[in-house]
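Trainee: So that you have it, the file is query.txt, and it contains compact mmCIF, C-alpha atoms:
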```txt
# COMPACT_ATOMS: atom_id res chain seq x y z
CA MET A 92 0.00 0.00 0.00
CA TYR A 93 1.31 3.44 -0.92
CA ASN A 94 1.93 5.88 1.91
CA ARG A 95 3.43 9.33 2.47
CA VAL A 96 5.14 8.54 5.77
CA ARG A 97 8.68 9.07 4.43
CA GLN A 98 7.74 12.41 2.86
CA LEU A 99 5.96 13.64 6.00
CA ARG A 100 8.81 12.52 8.21
CA THR A 101 11.57 14.15 6.15
CA GLU A 102 9.56 17.38 5.91
CA ARG A 103 9.77 17.54 9.69
CA GLY A 104 13.46 16.61 9.74
CA TRP A 105 12.90 13.50 11.83
CA SER A 106 14.97 10.34 11.56
CA GLN A 107 13.25 6.96 11.30
CA ALA A 108 14.38 6.18 14.86
CA ALA A 109 12.94 9.49 16.12
CA LEU A 110 9.58 8.85 14.45
CA GLY A 111 9.60 5.30 15.81
CA GLU A 112 10.22 6.62 19.30
CA LYS A 113 7.32 9.09 19.02
CA LEU A 114 5.04 6.24 17.91
CA GLY A 115 6.44 3.64 20.32
CA VAL A 116 7.65 1.31 17.56
CA SER A 117 11.07 0.31 16.27
CA ARG A 118 13.06 2.01 13.50
CA GLN A 119 12.68 -1.21 11.54
CA THR A 120 8.89 -0.86 11.59
CA ILE A 121 9.07 2.69 10.24
CA ASN A 122 11.56 1.59 7.58
CA ALA A 123 9.31 -1.31 6.50
CA ILE A 124 6.21 0.94 6.38
CA GLU A 125 8.03 3.60 4.34
CA GLY A 126 9.34 0.96 1.95
CA GLY A 127 5.84 -0.41 1.45
CA LYS A 128 6.95 -3.80 2.77
CA TYR A 129 4.68 -3.70 5.77
CA ASP A 130 1.20 -2.26 6.27
CA PRO A 131 0.76 -0.93 9.81
CA SER A 132 -2.01 -2.11 12.11
CA LEU A 133 -5.08 0.12 12.40
CA PRO A 134 -4.06 1.51 15.83
CA LEU A 135 -0.59 2.39 14.50
CA ALA A 136 -2.07 3.97 11.35
CA PHE A 137 -4.29 6.12 13.58
CA ASP A 138 -1.27 7.06 15.73
CA ILE A 139 0.66 8.07 12.59
CA ALA A 140 -2.29 10.15 11.34
CA LYS A 141 -2.67 11.80 14.74
CA LEU A 142 1.04 12.61 14.93
CA PHE A 143 1.06 14.24 11.49
CA LYS A 144 -2.33 15.88 12.15
CA LEU A 145 -3.79 14.42 8.95
CA SER A 146 -6.53 11.93 8.19
CA ILE A 147 -5.51 8.33 7.45
CA GLU A 148 -6.68 8.70 3.82
CA LYS A 149 -4.25 11.61 3.36
CA ILE A 150 -1.35 9.36 4.37
CA PHE A 151 -2.29 5.90 3.14
CA ASP A 152 -3.70 5.04 -0.27
CA PRO A 153 -4.84 1.41 -0.65
CA ASN A 154 -5.48 1.92 -4.38
CA LYS A 155 -1.81 2.57 -5.10
CA THR A 156 1.19 0.36 -4.45
CA ALA A 157 4.50 1.60 -3.08
CA SER A 158 6.15 1.00 -6.49
CA GLU A 159 3.68 3.41 -8.13
CA GLU A 160 5.04 6.22 -6.00
CA MET B 261 2.45 0.03 21.78
CA ALA B 262 5.84 -1.16 22.97
CA ALA B 263 7.47 0.57 25.89
CA GLY B 264 10.78 2.44 25.95
CA ALA B 265 13.41 3.12 23.32
CA HIS B 266 14.06 0.42 20.76
CA HIS B 267 17.54 -0.89 20.07
CA GLU B 268 18.87 0.36 16.72
CA GLN B 269 19.82 -3.06 15.33
CA SER B 270 17.52 -5.57 17.01
CA GLY B 271 14.45 -3.31 17.28
CA LEU B 272 13.87 -4.66 20.78
CA CYS B 273 13.00 -2.41 23.72
CA GLU B 274 13.90 -3.01 27.37
CA ARG B 275 10.63 -4.81 28.04
CA ASP B 276 11.21 -7.17 25.08
CA ARG B 277 14.70 -7.98 26.33
CA THR B 278 13.37 -8.69 29.83
CA ASN B 279 10.67 -10.97 28.37
CA LEU B 280 13.23 -12.79 26.22
CA LYS B 281 15.58 -13.26 29.19
CA LYS B 282 12.70 -14.73 31.18
CA PHE B 283 11.88 -17.05 28.27
CA SER B 284 15.55 -18.11 27.92
CA ARG B 285 15.83 -18.94 31.62
CA TRP B 286 12.69 -21.13 31.56
CA PHE B 287 13.77 -22.72 28.29
CA VAL B 288 17.17 -23.71 29.74
CA LEU B 289 15.38 -25.21 32.76
CA PHE B 290 13.02 -27.03 30.40
CA ALA B 291 15.96 -28.45 28.41
CA LEU B 292 17.71 -29.52 31.64
CA ALA B 293 14.55 -31.19 32.96
CA PHE B 294 14.10 -32.91 29.61
CA VAL B 295 17.67 -34.24 29.58
CA LEU B 296 17.40 -35.37 33.23
CA ALA B 297 14.12 -37.14 32.51
CA ALA B 298 15.56 -38.78 29.38
CA ILE B 299 18.63 -40.00 31.34
CA PHE B 300 16.81 -41.34 34.40
CA LEU B 301 13.79 -42.73 32.56
CA GLY B 302 15.37 -45.78 31.01
CA PRO B 303 13.20 -48.51 29.52
CA THR B 304 11.10 -50.16 32.20
CA ASP B 305 11.24 -53.92 32.74
CA GLY B 306 7.89 -54.39 34.39
CA GLY B 307 4.44 -53.37 33.26
CA LEU B 308 2.60 -50.20 34.17
CA GLU B 309 1.62 -51.66 37.56
CA GLN B 310 5.26 -52.10 38.59
CA THR B 311 6.30 -48.60 37.55
CA PRO B 312 7.13 -46.56 40.67
CA PRO B 313 5.28 -43.20 41.01
CA TRP B 314 8.50 -41.16 40.79
CA ARG B 315 8.82 -42.20 37.14
CA PHE B 316 5.47 -40.58 36.32
CA ALA B 317 6.55 -37.46 38.20
CA LEU B 318 9.87 -37.36 36.34
CA ALA B 319 8.14 -37.88 32.98
CA ILE B 320 5.92 -34.84 33.44
CA LEU B 321 8.59 -32.72 35.17
CA PRO B 322 9.69 -30.90 31.94
CA LEU B 323 6.10 -29.72 31.51
CA VAL B 324 6.47 -27.26 34.40
CA PRO B 325 9.38 -25.17 33.01
CA GLY B 326 8.00 -25.84 29.50
CA TYR B 327 4.70 -24.20 30.45
CA PHE B 328 6.46 -21.14 31.90
CA ALA B 329 8.76 -20.91 28.85
CA ALA B 330 5.73 -20.96 26.52
CA ARG B 331 4.00 -18.33 28.68
CA ALA B 332 7.06 -16.06 28.62
CA TYR B 333 7.38 -16.45 24.84
CA LEU B 334 3.70 -15.57 24.30
CA LYS B 335 4.08 -12.56 26.61
CA PHE B 336 7.07 -11.43 24.53
CA LEU B 337 5.03 -11.79 21.33
CA ARG B 338 2.02 -9.90 22.75
CA GLU B 339 4.12 -6.99 23.94
CA ALA B 340 6.69 -6.77 21.14
CA ASP B 341 6.76 -4.17 18.40
CA GLU B 342 4.20 -5.14 15.73
CA LEU B 343 6.74 -5.78 12.94
CA ILE B 344 8.89 -7.94 15.21
CA ARG B 345 5.74 -9.82 16.31
CA ASN B 346 4.88 -10.36 12.64
CA VAL B 347 8.37 -11.70 11.91
CA HIS B 348 8.14 -14.13 14.85
CA TYR B 349 4.60 -15.23 13.86
CA GLU B 350 5.85 -15.98 10.38
CA ALA B 351 8.87 -17.92 11.65
CA ALA B 352 6.72 -19.87 14.14
CA SER B 353 3.97 -20.74 11.68
CA LYS B 354 6.38 -21.80 8.91
CA SER B 355 8.44 -23.99 11.24
CA PHE B 356 5.23 -25.49 12.68
CA ILE B 357 3.99 -26.40 9.18
CA LEU B 358 7.40 -27.90 8.33
CA VAL B 359 7.44 -29.98 11.54
CA VAL B 360 3.91 -31.29 10.88
CA LEU B 361 4.89 -32.31 7.34
CA VAL B 362 8.19 -33.87 8.42
CA GLY B 363 6.38 -35.61 11.30
CA ILE B 364 3.95 -37.22 8.86
CA VAL B 365 6.76 -38.29 6.51
CA TYR B 366 8.80 -39.51 9.51
CA TYR B 367 5.88 -41.65 10.65
CA LEU B 368 5.36 -43.16 7.18
CA ALA B 369 9.10 -43.72 6.68
CA SER B 370 9.30 -45.50 10.03
CA GLN B 371 6.69 -47.95 8.72
CA VAL B 372 9.04 -48.73 5.83
CA PHE B 373 12.41 -48.72 7.61
CA GLY B 374 11.25 -49.97 10.99
CA GLU B 375 10.88 -48.03 14.25
CA TRP B 376 13.06 -44.96 14.50
CA GLU B 377 13.71 -43.78 18.01
CA ASP B 378 13.83 -40.23 19.34
CA ALA B 379 11.50 -38.78 16.70
CA GLY B 380 10.66 -36.05 19.22
CA LEU B 381 14.28 -34.94 19.44
CA VAL B 382 14.69 -34.90 15.66
CA LEU B 383 11.51 -32.85 15.21
CA TRP B 384 12.57 -30.51 17.99
CA ALA B 385 15.92 -29.93 16.26
CA ILE B 386 14.22 -29.37 12.88
CA ALA B 387 11.76 -26.91 14.46
CA SER B 388 14.61 -24.93 16.09
CA VAL B 389 16.66 -24.71 12.89
CA ALA B 390 13.58 -23.92 10.75
CA TYR B 391 12.57 -21.17 13.19
CA GLN B 392 15.99 -19.51 12.95
CA ILE B 393 16.06 -19.74 9.13
CA ASN B 394 12.51 -18.43 8.71
CA TYR B 395 13.13 -15.65 11.24
CA ARG B 396 16.12 -14.40 9.22
CA ARG B 397 14.25 -14.75 5.93
CA ALA B 398 11.32 -12.75 7.28
CA TRP B 399 13.66 -10.00 8.47
CA ARG B 400 15.24 -9.86 5.01
CA ARG B 401 11.83 -9.72 3.35
CA PHE B 402 10.92 -6.66 5.37
CA ASP B 403 14.26 -5.18 4.31
CA VAL B 404 15.41 -4.13 7.75
```
Rewrite the structure of this file - the entire thing - as structure tokens.
Mentor:
Amino acid sequence: MYNRVRQLRTERGWSQAALGEKLGVSRQTINAIEGGKYDPSLPLAFDIAKLFKLSIEKIFDPNKTASEE
Amino acid sequence: MAAGAHHEQSGLCERDRTNLKKFSRWFVLFALAFVLAAIFLGPTDGGLEQTPPWRFALAILPLVPGYFAARAYLKFLREADELIRNVHYEAASKSFILVVLVGIVYYLASQVFGEWEDAGLVLWAIASVAYQINYRRAWRRFDV
């Protein structure tokens, strides 16, 4: 699933580890989400949306794959 | 959500490491109890009636640390970071499927070649190796 997590994170100047710490997950989880290798759970997707102050649909697009980015 | 900072390489937080240490301790005790039981429970000469009660107790002894090891492992899985949990689920389910398949083949092959002893130990070894291999493969697949 396509997502804008990497873009939103870099806009804020955060490292993957820093974003992971804010969300309570590992750097590996952030890396896998950004790479489109792993789709986050619903609670984590909500936490990401809340952190970036956007709706889930603005961050995740199930109709696009990560390679279509 | 997992608690505390996660280690850069392993992705484990302090709580995960504590859970894994607890699991390791119980698993070592389980292995020791298993080896002790295997050593002291030689083949019995008499029937079930002549078997002393301590043999039954010794036979089920590994279940106690085994239960606590399983509980600690499940606690680790429940509380771990969701990607790490996913990786472990994948490793556990793949090695379980492999052990079931090998167990079936092992049973059928023993009908052909005669009784093979210690099937449990062989399957245990296969499960451990398969778990490690599938764990590493899952990590690689998630590109971390």
Trainee: What does the distance between atom CA of A:Met92 and atom CA of A:Asn154 come to in Å, to one decimal place?
Mentor: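 Atom CA of A:Asn154 lies at a distance of 7.3 Å from atom CA of A:Met92.
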Trainee: Mind checking which residues fall within 12 Å of A:Ala123, counting all atoms listed in the file, ignoring those fewer than 2 positions away in the same chain, and posting them as a VMD selection string?
Mentor: (chain A and resid 92 to 94 96 to 97 107 111 116 to 121 125 to 131 157) or (chain B and resid 342 to 344 346 to 347 398 to 404)
Trainee: Could you jot down the atom CA of B:Arg338 to atom CA of B:Gly363 separation for me, Å, one decimal place?
Mentor: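 Computing the Euclidean distance for atom CA of B:Arg338 and atom CA of B:Gly363 yields 28.5 Å.
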Trainee: From the options A:Leu99, A:Leu110, A:Ile147, A:Ala140, which residue's atoms come nearest to chain B, counting only C-alpha atoms?
Mentor: A:Leu110
Trainee: Can you work out the spacing between atom CA of B:Ser353 and atom CA of B:Phe328 in Å, to one decimal?
Mentor: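 Separation of atom CA of B:Ser353 and atom CA of B:Phe328: 20.4 Å.
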Trainee: Please identify all polymer residues within 12 Å of A:Glu112, counting only C-alpha atoms, omitting same-chain residues fewer than 4 positions from it, and present them as a tab-separated table (two decimals) with C-alpha atoms, in the frame of the given file.
Mentor:
```
chain	number	residue	atom	x	y	z
A	105	TRP	CA	12.90	13.50	11.83
A	106	SER	CA	14.97	10.34	11.56
A	107	GLN	CA	13.25	6.96	11.30
A	108	ALA	CA	14.38	6.18	14.86
A	116	VAL	CA	7.65	1.31	17.56
A	117	SER	CA	11.07	0.31	16.27
A	118	ARG	CA	13.06	2.01	13.50
A	119	GLN	CA	12.68	-1.21	11.54
A	120	THR	CA	8.89	-0.86	11.59
A	121	ILE	CA	9.07	2.69	10.24
A	139	ILE	CA	0.66	8.07	12.59
A	142	LEU	CA	1.04	12.61	14.93
B	261	MET	CA	2.45	0.03	21.78
B	262	ALA	CA	5.84	-1.16	22.97
B	263	ALA	CA	7.47	0.57	25.89
B	264	GLY	CA	10.78	2.44	25.95
B	265	ALA	CA	13.41	3.12	23.32
B	266	HIS	CA	14.06	0.42	20.76
B	267	HIS	CA	17.54	-0.89	20.07
B	268	GLU	CA	18.87	0.36	16.72
B	271	GLY	CA	14.45	-3.31	17.28
B	272	LEU	CA	13.87	-4.66	20.78
B	273	CYS	CA	13.00	-2.41	23.72
B	341	ASP	CA	6.76	-4.17	18.40
```
Trainee: List the spatial neighbours of B:Phe300 as a VMD selection string - criterion: any atom at most 12 Å away, only C-alpha atoms, same-chain residues fewer than 2 positions off excluded.
Mentor: chain B and resid 293 to 298 302 to 304 314 to 319 321
Trainee: Nearest to chain B among A:Pro153, A:Gly104, A:Gly115, A:Pro134, with distances taken over only C-alpha atoms: which residue is it?
Mentor: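 Of all the options, A:Gly115 lies closest to chain B.
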Trainee: Every residue with an atom at most 12 Å from (6.2, -26.7, 33.0) (file coordinates; all atoms listed in the file) is what I'm after, so could you write them as number ranges by chain?
Mentor: B: 286-294, 317-332
Trainee: Taking (10.6, -10.8, 26.3) in the file's coordinates as the center, which residues reach within 9 Å of it, counting only C-alpha atoms, put as a ChimeraX atom specification?
Mentor: /B:272,274-284,332-337,339-340
Trainee: Could you write out the selected residues, including C-alpha atoms, as an mmCIF file, in the frame of the given file?
Mentor:
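The new file part.cif reads:
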```cif
data_model
loop_
_atom_site.group_PDB
_atom_site.id
_atom_site.type_symbol
_atom_site.label_atom_id
_atom_site.label_comp_id
_atom_site.auth_asym_id
_atom_site.auth_seq_id
_atom_site.Cartn_x
_atom_site.Cartn_y
_atom_site.Cartn_z
ATOM 1 C CA LEU B 272 13.870 -4.660 20.780
ATOM 2 C CA GLU B 274 13.900 -3.010 27.370
ATOM 3 C CA ARG B 275 10.630 -4.810 28.040
ATOM 4 C CA ASP B 276 11.210 -7.170 25.080
ATOM 5 C CA ARG B 277 14.700 -7.980 26.330
ATOM 6 C CA THR B 278 13.370 -8.690 29.830
ATOM 7 C CA ASN B 279 10.670 -10.970 28.370
ATOM 8 C CA LEU B 280 13.230 -12.790 26.220
ATOM 9 C CA LYS B 281 15.580 -13.260 29.190
ATOM 10 C CA LYS B 282 12.700 -14.730 31.180
ATOM 11 C CA PHE B 283 11.880 -17.050 28.270
ATOM 12 C CA SER B 284 15.550 -18.110 27.920
ATOM 13 C CA ALA B 332 7.060 -16.060 28.620
ATOM 14 C CA TYR B 333 7.380 -16.450 24.840
ATOM 15 C CA LEU B 334 3.700 -15.570 24.300
ATOM 16 C CA LYS B 335 4.080 -12.560 26.610
ATOM 17 C CA PHE B 336 7.070 -11.430 24.530
ATOM 18 C CA LEU B 337 5.030 -11.790 21.330
ATOM 19 C CA GLU B 339 4.120 -6.990 23.940
ATOM 20 C CA ALA B 340 6.690 -6.770 21.140
#
```
Trainee: Using all atoms listed in the file, which of the listed residues (A:Leu133, A:Phe151, A:Thr156, A:Phe143) sits closest to chain B?
Mentor: A:Leu133
Trainee: Pick the closest to chain B from A:Arg95, A:Arg103, A:Asn122, A:Ala136: which is it, counting only C-alpha atoms?
Mentor: A:Asn122
Trainee: Need to verify the contact set: B:Ser388, 12 Å, only C-alpha atoms, exclusion of same-chain residues closer than 6 positions in sequence. Can you return it as a list of chain:residue names?
Mentor: B:Ala351, B:Ala352, B:Lys354, B:Ser355, B:Phe356, B:Leu358, B:Val359, B:Leu381, B:Val382, B:Asn394, B:Tyr395
Trainee: Which residue, B:Arg397, B:Trp384, B:Leu301, B:Gln269, has the smallest gap to chain A when you use all atoms listed in the file?
Mentor: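 Ranked by minimum distance to chain A, first place goes to B:Gln269.
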Trainee: Kindly write stretch 360-371 of chain B with N, CA and C atoms to a file, as a compact mmCIF listing (two decimals), in the first residue's frame.
Mentor:
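The resulting decode33.txt:
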```txt
# COMPACT_ATOMS: atom_id res chain seq x y z
N VAL B 360 5.09 -30.42 11.11
CA VAL B 360 3.91 -31.29 10.88
C VAL B 360 4.16 -32.17 9.66
N LEU B 361 4.64 -31.55 8.57
CA LEU B 361 4.89 -32.31 7.34
C LEU B 361 5.99 -33.36 7.54
N VAL B 362 7.09 -32.93 8.17
CA VAL B 362 8.19 -33.87 8.42
C VAL B 362 7.73 -34.98 9.37
N GLY B 363 6.91 -34.61 10.35
CA GLY B 363 6.38 -35.61 11.30
C GLY B 363 5.56 -36.68 10.58
N ILE B 364 4.77 -36.26 9.62
CA ILE B 364 3.95 -37.22 8.86
C ILE B 364 4.86 -38.13 8.03
N VAL B 365 5.83 -37.51 7.33
CA VAL B 365 6.76 -38.29 6.51
C VAL B 365 7.58 -39.24 7.40
N TYR B 366 8.00 -38.72 8.57
CA TYR B 366 8.80 -39.51 9.51
C TYR B 366 8.01 -40.74 9.95
N TYR B 367 6.73 -40.53 10.22
CA TYR B 367 5.88 -41.65 10.65
C TYR B 367 5.77 -42.69 9.53
N LEU B 368 5.51 -42.22 8.31
CA LEU B 368 5.36 -43.16 7.18
C LEU B 368 6.67 -43.87 6.89
N ALA B 369 7.79 -43.11 6.95
CA ALA B 369 9.10 -43.72 6.68
C ALA B 369 9.44 -44.76 7.73
N SER B 370 9.01 -44.53 8.98
CA SER B 370 9.30 -45.50 10.03
C SER B 370 8.54 -46.81 9.81
N GLN B 371 7.42 -46.73 9.08
CA GLN B 371 6.69 -47.95 8.72
C GLN B 371 7.48 -48.77 7.71
```
